[in-house]
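The structure under discussion appears below in the form of structure tokens.
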Amino acid sequence: MPRYSTRIDEMNQKEKAQLEERLLKFQGGICFLCEHEIKLEADETEIDHIVPIADGGPDEEGNWALLHSSCNSKKRAKNLNLAKVLMRWDSLREKGVVPLLVEIQDVSP
């Protein structure tokens with residue numbers, strides 16, 4: 001799938017830094033995916049579309065989220081809302097709160 005050119009790509013460094021500040025404030029200082037604190041001066045971050053442009057998501061600030069770069073690279077879905085749910089599920093499973101799904105075998109005669 002081709003990568004779309006976005007308004008974020010057209011921003012200069014100062015505009016992007018201001019956008020990161022606004023998104024961080026809107027998100028309460030946390031990563032959209034892992035919900036851990038983001039420290040702009042220390043953490044590598046990325047801005048991504050919550051609903052991908054390819055899926056009809058708008059290329060506007062209301063559809064952008066600030067994430068740790070590491071979270072963005074390990075997400076399992078392009079739609080960030082779905083990726084967030086999957087990341088929470090994985091976290092609960094790692095903590096042993098949610099059992100691993102077992103394969104159901106057909107026991108028909």
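Each chain in the structure tokens gets a letter, A, B, ..., in the order shown, and its residues are numbered from 1; ligands are numbered from 1 in order too.
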
Alpha helix (DSSP H) per DSSP on the backbone: members of segment 17-67 of chain A, as an MDAnalysis selection string: chainID A and resid 17:26

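The space between atom CA of Leu82 of chain A and atom CA of Lys16 of chain A spans 25.2 Å.
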
Close residues, Glu21 of chain A itself excluded, 12 Å, only C-alpha atoms, min 5 positions apart in chain, as a ChimeraX atom specification: /A:14-16,26-30,38-41,45,47,65-66

Residues within 10 Å of Lys75 of chain A, only C-alpha atoms, excluding chain neighbours under 4 positions, as number ranges by chain: A: 33-34, 70-71, 79-80, 82-84, 86-87

Taking C-alpha atoms for each residue, export the selection above as a PDB file, in the first residue's frame.
ATOM      1  CA  LEU A  33      -1.098   3.419  22.696  1.00  0.00           C
ATOM      2  CA  CYS A  34       0.687   2.276  25.853  1.00  0.00           C
ATOM      3  CA  SER A  70       8.724   2.065  19.919  1.00  0.00           C
ATOM      4  CA  CYS A  71       4.956   1.731  20.406  1.00  0.00           C
ATOM      5  CA  ASN A  79      -5.989   1.715  13.030  1.00  0.00           C
ATOM      6  CA  LEU A  80      -4.680   3.116  16.327  1.00  0.00           C
ATOM      7  CA  LEU A  82      -7.677  -1.215  17.359  1.00  0.00           C
ATOM      8  CA  ALA A  83      -3.937  -1.204  18.047  1.00  0.00           C
ATOM      9  CA  LYS A  84      -4.632   0.288  21.491  1.00  0.00           C
ATOM     10  CA  LEU A  86      -4.637  -5.155  21.169  1.00  0.00           C
ATOM     11  CA  MET A  87      -1.804  -3.596  23.184  1.00  0.00           C
TER      12      MET A  87
END

Backbone-only DSSP, strand (DSSP E) members of segment 23-105 of chain A, as a PyMOL selection string: chain A and resi 45-49+64-68

Take the residues just selected and output them with N, CA and C atoms as a PDB file, in the first residue's frame.
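To be explicit, this is the file written out as out_6.pdb:
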ATOM      1  N   THR A  45       9.495  10.170  19.694  1.00  0.00           N
ATOM      2  CA  THR A  45       8.055  10.123  19.470  1.00  0.00           C
ATOM      3  C   THR A  45       7.735  10.194  17.983  1.00  0.00           C
ATOM      4  N   GLU A  46       6.506   9.813  17.671  1.00  0.00           N
ATOM      5  CA  GLU A  46       5.991   9.917  16.311  1.00  0.00           C
ATOM      6  C   GLU A  46       4.542  10.361  16.385  1.00  0.00           C
ATOM      7  N   ILE A  47       4.105  11.003  15.338  1.00  0.00           N
ATOM      8  CA  ILE A  47       2.703  11.379  15.203  1.00  0.00           C
ATOM      9  C   ILE A  47       2.113  10.480  14.132  1.00  0.00           C
ATOM     10  N   ASP A  48       0.983   9.870  14.433  1.00  0.00           N
ATOM     11  CA  ASP A  48       0.358   8.961  13.477  1.00  0.00           C
ATOM     12  C   ASP A  48      -1.133   9.272  13.398  1.00  0.00           C
ATOM     13  N   HIS A  49      -1.739   8.843  12.323  1.00  0.00           N
ATOM     14  CA  HIS A  49      -3.184   9.002  12.154  1.00  0.00           C
ATOM     15  C   HIS A  49      -3.895   7.926  12.967  1.00  0.00           C
ATOM     16  N   TRP A  64      -4.971  12.850  14.704  1.00  0.00           N
ATOM     17  CA  TRP A  64      -3.555  12.570  14.937  1.00  0.00           C
ATOM     18  C   TRP A  64      -3.338  12.209  16.394  1.00  0.00           C
ATOM     19  N   ALA A  65      -2.374  11.339  16.632  1.00  0.00           N
ATOM     20  CA  ALA A  65      -2.025  10.933  17.993  1.00  0.00           C
ATOM     21  C   ALA A  65      -0.510  10.928  18.138  1.00  0.00           C
ATOM     22  N   LEU A  66      -0.066  11.227  19.350  1.00  0.00           N
ATOM     23  CA  LEU A  66       1.358  11.209  19.677  1.00  0.00           C
ATOM     24  C   LEU A  66       1.669   9.884  20.368  1.00  0.00           C
ATOM     25  N   LEU A  67       2.730   9.227  19.889  1.00  0.00           N
ATOM     26  CA  LEU A  67       3.102   7.915  20.417  1.00  0.00           C
ATOM     27  C   LEU A  67       4.595   7.833  20.638  1.00  0.00           C
ATOM     28  N   HIS A  68       5.008   6.935  21.519  1.00  0.00           N
ATOM     29  CA  HIS A  68       6.422   6.574  21.569  1.00  0.00           C
ATOM     30  C   HIS A  68       6.752   5.918  20.229  1.00  0.00           C
TER      31      HIS A  68
END
